[in-house]
Structures are given as structure tokens and as C-alpha cells.
file data25.pdb (PDB, C-alpha atoms, pLDDT in the B column)
ATOM      1  CA  MET T  31       0.000   0.000   0.000  1.00 84.00           C
ATOM      2  CA  GLU T  32       2.869   2.373   0.755  1.00 86.00           C
ATOM      3  CA  GLN T  33       3.970   2.282  -2.916  1.00 94.00           C
ATOM      4  CA  LEU T  34       0.426   3.078  -4.022  1.00 96.00           C
ATOM      5  CA  ILE T  35       0.237   6.130  -1.766  1.00 97.00           C
ATOM      6  CA  ASN T  36       3.538   7.318  -3.209  1.00 96.00           C
ATOM      7  CA  LYS T  37       2.343   6.824  -6.816  1.00 97.00           C
ATOM      8  CA  ALA T  38      -0.887   8.719  -6.148  1.00 97.00           C
ATOM      9  CA  ALA T  39       0.961  11.515  -4.333  1.00 97.00           C
ATOM     10  CA  GLN T  40       3.446  11.941  -7.184  1.00 97.00           C
ATOM     11  CA  GLU T  41       0.588  12.374  -9.659  1.00 97.00           C
ATOM     12  CA  ALA T  42      -1.255  14.760  -7.311  1.00 97.00           C
ATOM     13  CA  LYS T  43       1.922  16.818  -6.893  1.00 98.00           C
ATOM     14  CA  ARG T  44       2.316  17.001 -10.684  1.00 98.00           C
ATOM     15  CA  VAL T  45      -1.255  18.228 -11.070  1.00 97.00           C
ATOM     16  CA  MET T  46      -0.961  20.663  -8.159  1.00 97.00           C
ATOM     17  CA  SER T  47       2.191  22.150  -9.689  1.00 97.00           C
ATOM     18  CA  GLY T  48       0.218  22.826 -12.865  1.00 97.00           C
ATOM     19  CA  VAL T  49      -2.399  24.990 -11.125  1.00 97.00           C
ATOM     20  CA  GLN T  50      -2.214  28.593 -12.314  1.00 95.00           C
ATOM     21  CA  ALA T  51      -3.023  31.544 -10.051  1.00 93.00           C
ATOM     22  CA  SER T  52      -5.736  32.555 -12.538  1.00 95.00           C
ATOM     23  CA  GLN T  53      -7.526  29.225 -11.876  1.00 96.00           C
ATOM     24  CA  LEU T  54      -7.783  29.461  -8.091  1.00 96.00           C
ATOM     25  CA  HIS T  55     -11.420  30.535  -8.111  1.00 96.00           C
ATOM     26  CA  ASP T  56     -12.573  28.160 -10.852  1.00 96.00           C
ATOM     27  CA  PRO T  57     -15.175  25.474 -10.041  1.00 96.00           C
ATOM     28  CA  THR T  58     -14.264  21.843  -9.375  1.00 96.00           C
ATOM     29  CA  PRO T  59     -16.200  18.561  -9.474  1.00 94.00           C
ATOM     30  CA  CYS T  60     -16.503  19.020  -5.681  1.00 90.00           C
ATOM     31  CA  LYS T  61     -19.466  21.401  -5.636  1.00 85.00           C
ATOM     32  CA  ASP T  62     -18.453  22.966  -2.304  1.00 87.00           C
ATOM     33  CA  PHE T  63     -14.867  23.706  -3.385  1.00 94.00           C
ATOM     34  CA  ASP T  64     -13.306  26.042  -5.894  1.00 96.00           C
ATOM     35  CA  VAL T  65      -9.749  25.206  -7.004  1.00 96.00           C
ATOM     36  CA  LYS T  66      -8.130  27.021  -4.085  1.00 97.00           C
ATOM     37  CA  ALA T  67     -10.455  25.429  -1.504  1.00 95.00           C
ATOM     38  CA  LEU T  68      -9.787  21.987  -3.015  1.00 96.00           C
ATOM     39  CA  ALA T  69      -6.019  22.615  -2.945  1.00 97.00           C
ATOM     40  CA  ASN T  70      -6.319  23.655   0.702  1.00 95.00           C
ATOM     41  CA  HIS T  71      -8.409  20.550   1.462  1.00 94.00           C
ATOM     42  CA  MET T  72      -5.740  18.364  -0.148  1.00 95.00           C
ATOM     43  CA  ALA T  73      -3.002  20.136   1.839  1.00 95.00           C
ATOM     44  CA  GLY T  74      -4.929  19.688   5.093  1.00 93.00           C
ATOM     45  CA  LEU T  75      -5.538  16.033   4.238  1.00 94.00           C
ATOM     46  CA  ALA T  76      -1.809  15.535   3.668  1.00 96.00           C
ATOM     47  CA  MET T  77      -1.080  17.025   7.088  1.00 93.00           C
ATOM     48  CA  GLY T  78      -3.667  14.761   8.746  1.00 93.00           C
ATOM     49  CA  ALA T  79      -2.403  11.736   6.815  1.00 95.00           C
ATOM     50  CA  GLU T  80       1.140  12.396   8.008  1.00 95.00           C
ATOM     51  CA  ARG T  81      -0.038  12.483  11.632  1.00 94.00           C
ATOM     52  CA  ALA T  82      -2.094   9.313  11.121  1.00 94.00           C
ATOM     53  CA  GLY T  83       0.814   7.475   9.487  1.00 95.00           C
ATOM     54  CA  LYS T  84       3.048   8.438  12.416  1.00 95.00           C
ATOM     55  CA  LYS T  85       0.278   7.480  14.875  1.00 93.00           C
ATOM     56  CA  LEU T  86       0.275  10.940  16.424  1.00 86.00           C
ATOM     57  CA  GLU T  87      -2.727  12.369  18.208  1.00 78.00           C
ATOM     58  CA  ARG T  88      -5.264  13.882  15.839  1.00 72.00           C
ATOM     59  CA  MET T  89      -5.404  17.649  15.887  1.00 71.00           C
ATOM     60  CA  ALA T  90      -8.787  19.323  15.542  1.00 69.00           C
ATOM     61  CA  PRO T  91      -8.910  21.357  12.340  1.00 69.00           C
ATOM     62  CA  PRO T  92      -8.776  25.103  12.966  1.00 69.00           C
ATOM     63  CA  ASP T  93     -11.942  27.060  12.349  1.00 70.00           C
ATOM     64  CA  PRO T  94     -11.777  28.804  10.028  1.00 77.00           C
ATOM     65  CA  MET T  95      -9.330  26.721   8.054  1.00 77.00           C
ATOM     66  CA  PRO T  96      -6.196  28.744   7.231  1.00 86.00           C
ATOM     67  CA  ASP T  97      -4.971  29.219   3.678  1.00 92.00           C
ATOM     68  CA  LEU T  98      -2.302  26.530   3.411  1.00 93.00           C
ATOM     69  CA  VAL T  99      -1.456  26.935  -0.292  1.00 94.00           C
ATOM     70  CA  GLY T 100      -1.455  30.691  -0.940  1.00 92.00           C
ATOM     71  CA  GLU T 101      -1.008  31.707  -4.557  1.00 92.00           C
ATOM     72  CA  ASN T 102       1.338  28.798  -5.377  1.00 94.00           C
ATOM     73  CA  PRO T 103      -0.417  25.527  -4.509  1.00 95.00           C
ATOM     74  CA  GLY T 104       2.251  23.352  -6.125  1.00 94.00           C
ATOM     75  CA  ALA T 105       5.071  24.734  -3.990  1.00 96.00           C
ATOM     76  CA  ALA T 106       2.999  24.551  -0.807  1.00 96.00           C
ATOM     77  CA  TYR T 107       1.582  21.055  -1.409  1.00 97.00           C
ATOM     78  CA  ALA T 108       4.748  19.194  -2.447  1.00 97.00           C
ATOM     79  CA  PRO T 109       6.450  19.079   0.990  1.00 98.00           C
ATOM     80  CA  LEU T 110       3.168  18.213   2.711  1.00 97.00           C
ATOM     81  CA  ALA T 111       2.532  15.336   0.296  1.00 97.00           C
ATOM     82  CA  ASP T 112       6.125  14.149   0.687  1.00 98.00           C
ATOM     83  CA  ALA T 113       5.746  14.137   4.489  1.00 97.00           C
ATOM     84  CA  ALA T 114       2.533  12.108   4.223  1.00 97.00           C
ATOM     85  CA  VAL T 115       4.201   9.615   1.895  1.00 97.00           C
ATOM     86  CA  ALA T 116       7.159   9.302   4.281  1.00 97.00           C
ATOM     87  CA  ALA T 117       4.816   8.686   7.219  1.00 97.00           C
ATOM     88  CA  TRP T 118       3.115   5.823   5.347  1.00 97.00           C
ATOM     89  CA  SER T 119       6.348   4.392   3.904  1.00 96.00           C
ATOM     90  CA  SER T 120       6.784   1.561   6.391  1.00 91.00           C
ATOM     91  CA  PRO T 121       4.625  -1.502   7.020  1.00 92.00           C
ATOM     92  CA  GLU T 122       4.372  -0.491  10.706  1.00 93.00           C
ATOM     93  CA  ALA T 123       2.277   2.542   9.717  1.00 95.00           C
ATOM     94  CA  PHE T 124      -0.505   0.139   8.694  1.00 96.00           C
ATOM     95  CA  GLU T 125      -0.534  -1.797  11.977  1.00 96.00           C
ATOM     96  CA  GLY T 126      -2.923  -1.256  14.871  1.00 96.00           C
ATOM     97  CA  GLU T 127      -5.066   1.854  15.192  1.00 95.00           C
ATOM     98  CA  THR T 128      -4.480   5.502  14.474  1.00 95.00           C
ATOM     99  CA  GLN T 129      -6.293   8.819  14.737  1.00 89.00           C
ATOM    100  CA  PHE T 130      -7.680   9.986  11.388  1.00 89.00           C
ATOM    101  CA  GLY T 131     -10.704  11.961  10.313  1.00 79.00           C
ATOM    102  CA  PRO T 132     -13.367  11.827  12.971  1.00 77.00           C
ATOM    103  CA  GLY T 133     -11.382   9.660  15.379  1.00 81.00           C
ATOM    104  CA  PRO T 134      -9.627   6.342  15.915  1.00 90.00           C
ATOM    105  CA  MET T 135      -9.742   3.736  13.188  1.00 93.00           C
ATOM    106  CA  PRO T 136      -7.709   0.781  11.994  1.00 96.00           C
ATOM    107  CA  ALA T 137      -4.469   2.103  10.520  1.00 96.00           C
ATOM    108  CA  GLN T 138      -4.971  -0.075   7.425  1.00 96.00           C
ATOM    109  CA  MET T 139      -8.247   1.764   6.720  1.00 95.00           C
ATOM    110  CA  ALA T 140      -6.630   5.170   7.365  1.00 95.00           C
ATOM    111  CA  GLY T 141      -3.980   4.289   4.787  1.00 96.00           C
ATOM    112  CA  ALA T 142      -6.635   3.186   2.293  1.00 96.00           C
ATOM    113  CA  ILE T 143      -8.578   6.418   2.841  1.00 95.00           C
ATOM    114  CA  THR T 144      -5.368   8.430   2.421  1.00 97.00           C
ATOM    115  CA  LEU T 145      -4.803   6.750  -0.938  1.00 97.00           C
ATOM    116  CA  MET T 146      -8.414   7.273  -2.013  1.00 96.00           C
ATOM    117  CA  GLU T 147      -8.448  10.948  -1.045  1.00 96.00           C
ATOM    118  CA  ILE T 148      -5.154  11.734  -2.775  1.00 97.00           C
ATOM    119  CA  ALA T 149      -6.114   9.904  -5.964  1.00 97.00           C
ATOM    120  CA  VAL T 150      -9.709  11.073  -6.298  1.00 96.00           C
ATOM    121  CA  HIS T 151      -9.043  14.684  -5.330  1.00 97.00           C
ATOM    122  CA  GLY T 152      -6.004  14.659  -7.621  1.00 97.00           C
ATOM    123  CA  TRP T 153      -8.396  13.813 -10.447  1.00 96.00           C
ATOM    124  CA  ASP T 154     -10.826  16.520  -9.263  1.00 96.00           C
ATOM    125  CA  LEU T 155      -8.045  19.098  -9.407  1.00 97.00           C
ATOM    126  CA  ALA T 156      -6.872  17.920 -12.829  1.00 97.00           C
ATOM    127  CA  ALA T 157     -10.412  18.085 -14.223  1.00 97.00           C
ATOM    128  CA  ALA T 158     -10.940  21.566 -12.778  1.00 97.00           C
ATOM    129  CA  THR T 159      -7.700  22.922 -14.246  1.00 97.00           C
ATOM    130  CA  GLY T 160      -7.810  21.237 -17.648  1.00 95.00           C
ATOM    131  CA  GLN T 161      -4.956  18.824 -16.928  1.00 96.00           C
ATOM    132  CA  SER T 162      -4.633  15.148 -17.710  1.00 95.00           C
ATOM    133  CA  TYR T 163      -4.718  12.652 -14.870  1.00 95.00           C
ATOM    134  CA  SER T 164      -3.196   9.194 -14.951  1.00 90.00           C
ATOM    135  CA  MET T 165      -4.081   6.718 -12.241  1.00 93.00           C
ATOM    136  CA  ASP T 166      -2.025   3.502 -12.238  1.00 91.00           C
ATOM    137  CA  SER T 167      -4.175   0.395 -12.498  1.00 93.00           C
ATOM    138  CA  ASP T 168      -2.972  -0.873  -9.103  1.00 96.00           C
ATOM    139  CA  VAL T 169      -3.881   2.470  -7.518  1.00 96.00           C
ATOM    140  CA  ALA T 170      -7.249   2.410  -9.285  1.00 95.00           C
ATOM    141  CA  THR T 171      -7.970  -1.131  -8.052  1.00 95.00           C
ATOM    142  CA  ALA T 172      -7.219  -0.236  -4.425  1.00 96.00           C
ATOM    143  CA  VAL T 173      -9.192   3.018  -4.611  1.00 95.00           C
ATOM    144  CA  GLN T 174     -12.176   1.295  -6.203  1.00 93.00           C
ATOM    145  CA  GLN T 175     -12.175  -1.316  -3.405  1.00 95.00           C
ATOM    146  CA  THR T 176     -12.076   1.403  -0.734  1.00 94.00           C
ATOM    147  CA  ILE T 177     -14.913   3.342  -2.348  1.00 93.00           C
ATOM    148  CA  GLY T 178     -16.883   0.102  -2.604  1.00 92.00           C
ATOM    149  CA  GLN T 179     -16.425  -0.436   1.147  1.00 92.00           C
ATOM    150  CA  LEU T 180     -17.235   3.127   2.190  1.00 91.00           C
ATOM    151  CA  ALA T 181     -19.888   4.318  -0.276  1.00 91.00           C
ATOM    152  CA  SER T 182     -22.959   3.304   1.709  1.00 89.00           C
ATOM    153  CA  PRO T 183     -26.405   4.855   1.308  1.00 90.00           C
ATOM    154  CA  GLU T 184     -25.677   6.853   4.481  1.00 89.00           C
ATOM    155  CA  SER T 185     -22.350   8.199   3.205  1.00 88.00           C
ATOM    156  CA  ARG T 186     -24.000   9.159  -0.080  1.00 89.00           C
ATOM    157  CA  GLU T 187     -26.870  10.862   1.729  1.00 87.00           C
ATOM    158  CA  SER T 188     -24.477  12.825   3.955  1.00 86.00           C
ATOM    159  CA  GLY T 189     -22.492  14.012   0.924  1.00 83.00           C
ATOM    160  CA  VAL T 190     -19.265  12.097   1.603  1.00 86.00           C
ATOM    161  CA  PHE T 191     -19.934  10.418  -1.748  1.00 90.00           C
ATOM    162  CA  GLY T 192     -22.377  11.536  -4.405  1.00 89.00           C
ATOM    163  CA  PRO T 193     -25.026   9.331  -5.962  1.00 88.00           C
ATOM    164  CA  GLU T 194     -23.410   6.654  -8.101  1.00 89.00           C
ATOM    165  CA  ILE T 195     -23.248   7.539 -11.783  1.00 89.00           C
ATOM    166  CA  GLN T 196     -23.425   4.772 -14.347  1.00 88.00           C
ATOM    167  CA  ALA T 197     -20.116   4.432 -16.149  1.00 85.00           C
ATOM    168  CA  GLY T 198     -20.574   3.902 -19.841  1.00 82.00           C
ATOM    169  CA  GLU T 199     -19.931   0.584 -21.502  1.00 87.00           C
ATOM    170  CA  GLY T 200     -16.213   0.007 -21.922  1.00 89.00           C
ATOM    171  CA  ALA T 201     -15.375   2.668 -19.314  1.00 92.00           C
ATOM    172  CA  SER T 202     -11.834   2.628 -17.988  1.00 92.00           C
ATOM    173  CA  GLN T 203     -11.205   1.472 -14.439  1.00 92.00           C
ATOM    174  CA  GLN T 204     -10.492   5.096 -13.486  1.00 92.00           C
ATOM    175  CA  ASP T 205     -13.838   6.204 -14.923  1.00 93.00           C
ATOM    176  CA  GLN T 206     -15.604   3.327 -13.153  1.00 92.00           C
ATOM    177  CA  LEU T 207     -14.228   4.272  -9.737  1.00 92.00           C
ATOM    178  CA  LEU T 208     -15.003   7.956 -10.325  1.00 93.00           C
ATOM    179  CA  SER T 209     -18.578   6.997 -11.225  1.00 93.00           C
ATOM    180  CA  LEU T 210     -18.799   4.802  -8.120  1.00 92.00           C
ATOM    181  CA  SER T 211     -17.686   7.803  -6.026  1.00 93.00           C
ATOM    182  CA  GLY T 212     -20.468   9.924  -7.524  1.00 91.00           C
ATOM    183  CA  ARG T 213     -18.262  11.872  -9.935  1.00 92.00           C
ATOM    184  CA  ASP T 214     -18.955  12.346 -13.617  1.00 91.00           C
ATOM    185  CA  PRO T 215     -15.743  11.208 -15.372  1.00 92.00           C
ATOM    186  CA  ASN T 216     -16.624  13.607 -18.198  1.00 89.00           C
ATOM    187  CA  TRP T 217     -16.983  16.632 -15.898  1.00 90.00           C
ATOM    188  CA  ASN T 218     -15.533  19.881 -17.158  1.00 83.00           C
ATOM    189  CA  ALA T 219     -15.812  23.440 -15.949  1.00 74.00           C
TER     190      ALA T 219
END
call {"tool": "encode", "arguments": {"input": "data25.pdb", "output": "C-alpha cells"}}
result
Amino acid sequence: MEQLINKAAQEAKRVMSGVQASQLHDPTPCKDFDVKALANHMAGLAMGAERAGKKLERMAPPDPMPDLVGENPGAAYAPLADAAVAAWSSPEAFEGETQFGPGPMPAQMAGAITLMEIAVHGWDLAAATGQSYSMDSDVATAVQQTIGQLASPESRESGVFGPEIQAGEGASQQDQLLSLSGRDPNWNA
């Protein structure tokens, strides 16, 4: 799993580095986030993922959330993503429990959620900024399994996942998992 997190983070960093200052207020597939808010969400997730991988106590997110990416999301995100990858780079990170999201959970699940969030939001950011996005098939398989486990009627109703969209016949694995998450793989601004 640690290699998958690294692969997803490298692609997310590539996309984040391609974000232009003129795009920061553009819409994204995440209806509640513009590009800057999504970049900040991804940066905050990376910080939380690092703490979870190191099994540190969860910190409550500040309210309001500070601007973590400024006018240069790529430069701000890269070290945060690298720290998250480093925290999840050993098998021990996936053992036992850790603090992530709303509270304690199995570390294996926290790692799977980290991978899912990086990969899916990396695609969101790429779609919003007109960039390509390439998800390795092994990353896509793991992310699709995690979405399949977590995308319950309750999580869809609460907005964690959107309503499932039917992927077209012959859809790629990436498009299938995006559809399962409630995203339209053909979304554009």
C-alpha cells in the first residue's frame, strides 16, 4: 500500500504544480470547493495523513481553516505530500489503530482512505484545471475497493460520496471508480 500512496501523491503533486493563479477561483467537481479550496483541502488532508501514518494524536482542524497553499499551490503542497508519503512508507504505519478523520480507526483503513483521497481529489483538481490525470491500475484497483467499502447509502446521503453515476460501456477502471464515487468522469468546468 505504501507504494500506491507514493504513486498517487506523485501524480497529485504534478497536477498541483500545474495549477495557475488565474484558476484558483474556478469550479471543481466538488461542488463545495473552488480550485483554491480543493487545494487547501488536499493540503490539510496531507497534514492529517502524516499524523495518522506516524500514529500521532489527531489535531482538531482550525476554524476557520487557514490558507495553506497561498497563490502557489504546487510549492505549498509538495512538501506536505512528501511528508505524508514518508509517514506511510513503512509496514508499521498500517498496523494497529491511528487517529484519522473523525477519530480512531484501523491504521490499514486510514492508509486506504489516504490513498483514495489523494487519488480522487487529484483527479478533481486535474479536471478543474484542464490537466490530464493518470491513475495507475494498481492504484485504481485499491481506490475502487475502498470506495466500494465506504460508499454506503448513508455516506452518499451525507455528501461524503455523491449518488453513483453509471459508467458507460467500456469505461476505464479510473472512470468506473469515479462513477462509483459519484463523480462524472466527463466533468468539465
call {"tool": "closest_residue", "arguments": {"input": "data25.pdb", "among": "T:Gly83, T:Gly178, T:Gly141, T:Gly160", "to": "T:Glu194", "atoms": "all atoms listed in the file"}}
result
T:Gly178
call {"tool": "resolve_selection", "arguments": {"input": "data25.pdb", "expression": "the PyMOL selection byres ((chain T and resi 118-127) around 7)", "output": "tab-separated table (two decimals) with C-alpha atoms, keeping the file's coordinate frame"}}
result
chain	number	residue	atom	x	y	z
T	32	GLU	CA	2.87	2.37	0.76
T	83	GLY	CA	0.81	7.48	9.49
T	84	LYS	CA	3.05	8.44	12.42
T	114	ALA	CA	2.53	12.11	4.22
T	115	VAL	CA	4.20	9.62	1.90
T	116	ALA	CA	7.16	9.30	4.28
T	117	ALA	CA	4.82	8.69	7.22
T	128	THR	CA	-4.48	5.50	14.47
T	134	PRO	CA	-9.63	6.34	15.92
T	135	MET	CA	-9.74	3.74	13.19
T	136	PRO	CA	-7.71	0.78	11.99
T	137	ALA	CA	-4.47	2.10	10.52
T	138	GLN	CA	-4.97	-0.08	7.42
T	141	GLY	CA	-3.98	4.29	4.79
call {"tool": "closest_residue", "arguments": {"input": "data25.pdb", "among": "T:Ala158, T:Ala140, T:Cys60, T:Ala69", "to": "T:Gly192", "atoms": "only C-alpha atoms"}}
result
T:Cys60
call {"tool": "resolve_selection", "arguments": {"input": "data25.pdb", "expression": "the PyMOL selection byres ((chain T and resi 195) around 6)", "output": "ChimeraX atom specification"}}
result
/T:194,196,209,212
call {"tool": "residues_around", "arguments": {"input": "data25.pdb", "residues": "T:Val65", "least_positions_apart": "6", "cutoff": "9 Å", "atoms": "all atoms listed in the file", "output": "number ranges by chain"}}
result
T: 49, 53-58, 155, 158-159
call {"tool": "write_last_selection", "arguments": {"input": "data25.pdb", "atoms": "C-alpha atoms", "output": "mmCIF file, in the coordinates of the input"}}
result
data_model
loop_
_atom_site.group_PDB
_atom_site.id
_atom_site.type_symbol
_atom_site.label_atom_id
_atom_site.label_comp_id
_atom_site.auth_asym_id
_atom_site.auth_seq_id
_atom_site.Cartn_x
_atom_site.Cartn_y
_atom_site.Cartn_z
ATOM 1 C CA VAL T 49 -2.399 24.990 -11.125
ATOM 2 C CA GLN T 53 -7.526 29.225 -11.876
ATOM 3 C CA LEU T 54 -7.783 29.461 -8.091
ATOM 4 C CA HIS T 55 -11.420 30.535 -8.111
ATOM 5 C CA ASP T 56 -12.573 28.160 -10.852
ATOM 6 C CA PRO T 57 -15.175 25.474 -10.041
ATOM 7 C CA THR T 58 -14.264 21.843 -9.375
ATOM 8 C CA LEU T 155 -8.045 19.098 -9.407
ATOM 9 C CA ALA T 158 -10.940 21.566 -12.778
ATOM 10 C CA THR T 159 -7.700 22.922 -14.246
#
call {"tool": "residues_around", "arguments": {"input": "data25.pdb", "residues": "T:Met77", "least_positions_apart": "2", "cutoff": "8 Å", "atoms": "only C-alpha atoms", "output": "MDAnalysis selection string"}}
result
chainID T and resid 73:75 79:81 110:111 113:114
call {"tool": "decode", "arguments": {"input": "data25.pdb", "residues": "stretch 132-216 of chain T", "atoms": "C-alpha atoms", "output": "short mmCIF file (atom, residue, chain, number, x, y, z; two decimals), in the first residue's frame"}}
result
data_model
loop_
_atom_site.label_atom_id
_atom_site.label_comp_id
_atom_site.auth_asym_id
_atom_site.auth_seq_id
_atom_site.Cartn_x
_atom_site.Cartn_y
_atom_site.Cartn_z
CA PRO T 132 -13.37 11.83 12.97
CA GLY T 133 -11.38 9.66 15.38
CA PRO T 134 -9.63 6.34 15.91
CA MET T 135 -9.74 3.74 13.19
CA PRO T 136 -7.71 0.78 11.99
CA ALA T 137 -4.47 2.10 10.52
CA GLN T 138 -4.97 -0.08 7.43
CA MET T 139 -8.25 1.76 6.72
CA ALA T 140 -6.63 5.17 7.37
CA GLY T 141 -3.98 4.29 4.79
CA ALA T 142 -6.63 3.19 2.29
CA ILE T 143 -8.58 6.42 2.84
CA THR T 144 -5.37 8.43 2.42
CA LEU T 145 -4.80 6.75 -0.94
CA MET T 146 -8.41 7.27 -2.01
CA GLU T 147 -8.45 10.95 -1.04
CA ILE T 148 -5.15 11.73 -2.77
CA ALA T 149 -6.11 9.90 -5.96
CA VAL T 150 -9.71 11.07 -6.30
CA HIS T 151 -9.04 14.68 -5.33
CA GLY T 152 -6.00 14.66 -7.62
CA TRP T 153 -8.40 13.81 -10.45
CA ASP T 154 -10.83 16.52 -9.26
CA LEU T 155 -8.04 19.10 -9.41
CA ALA T 156 -6.87 17.92 -12.83
CA ALA T 157 -10.41 18.08 -14.22
CA ALA T 158 -10.94 21.57 -12.78
CA THR T 159 -7.70 22.92 -14.25
CA GLY T 160 -7.81 21.24 -17.65
CA GLN T 161 -4.96 18.82 -16.93
CA SER T 162 -4.63 15.15 -17.71
CA TYR T 163 -4.72 12.65 -14.87
CA SER T 164 -3.20 9.19 -14.95
CA MET T 165 -4.08 6.72 -12.24
CA ASP T 166 -2.02 3.50 -12.24
CA SER T 167 -4.18 0.39 -12.50
CA ASP T 168 -2.97 -0.87 -9.10
CA VAL T 169 -3.88 2.47 -7.52
CA ALA T 170 -7.25 2.41 -9.29
CA THR T 171 -7.97 -1.13 -8.05
CA ALA T 172 -7.22 -0.24 -4.43
CA VAL T 173 -9.19 3.02 -4.61
CA GLN T 174 -12.18 1.29 -6.20
CA GLN T 175 -12.18 -1.32 -3.41
CA THR T 176 -12.08 1.40 -0.73
CA ILE T 177 -14.91 3.34 -2.35
CA GLY T 178 -16.88 0.10 -2.60
CA GLN T 179 -16.42 -0.44 1.15
CA LEU T 180 -17.24 3.13 2.19
CA ALA T 181 -19.89 4.32 -0.28
CA SER T 182 -22.96 3.30 1.71
CA PRO T 183 -26.41 4.85 1.31
CA GLU T 184 -25.68 6.85 4.48
CA SER T 185 -22.35 8.20 3.21
CA ARG T 186 -24.00 9.16 -0.08
CA GLU T 187 -26.87 10.86 1.73
CA SER T 188 -24.48 12.82 3.96
CA GLY T 189 -22.49 14.01 0.92
CA VAL T 190 -19.27 12.10 1.60
CA PHE T 191 -19.93 10.42 -1.75
CA GLY T 192 -22.38 11.54 -4.41
CA PRO T 193 -25.03 9.33 -5.96
CA GLU T 194 -23.41 6.65 -8.10
CA ILE T 195 -23.25 7.54 -11.78
CA GLN T 196 -23.43 4.77 -14.35
CA ALA T 197 -20.12 4.43 -16.15
CA GLY T 198 -20.57 3.90 -19.84
CA GLU T 199 -19.93 0.58 -21.50
CA GLY T 200 -16.21 0.01 -21.92
CA ALA T 201 -15.37 2.67 -19.31
CA SER T 202 -11.83 2.63 -17.99
CA GLN T 203 -11.21 1.47 -14.44
CA GLN T 204 -10.49 5.10 -13.49
CA ASP T 205 -13.84 6.20 -14.92
CA GLN T 206 -15.60 3.33 -13.15
CA LEU T 207 -14.23 4.27 -9.74
CA LEU T 208 -15.00 7.96 -10.32
CA SER T 209 -18.58 7.00 -11.23
CA LEU T 210 -18.80 4.80 -8.12
CA SER T 211 -17.69 7.80 -6.03
CA GLY T 212 -20.47 9.92 -7.52
CA ARG T 213 -18.26 11.87 -9.93
CA ASP T 214 -18.95 12.35 -13.62
CA PRO T 215 -15.74 11.21 -15.37
CA ASN T 216 -16.62 13.61 -18.20
#
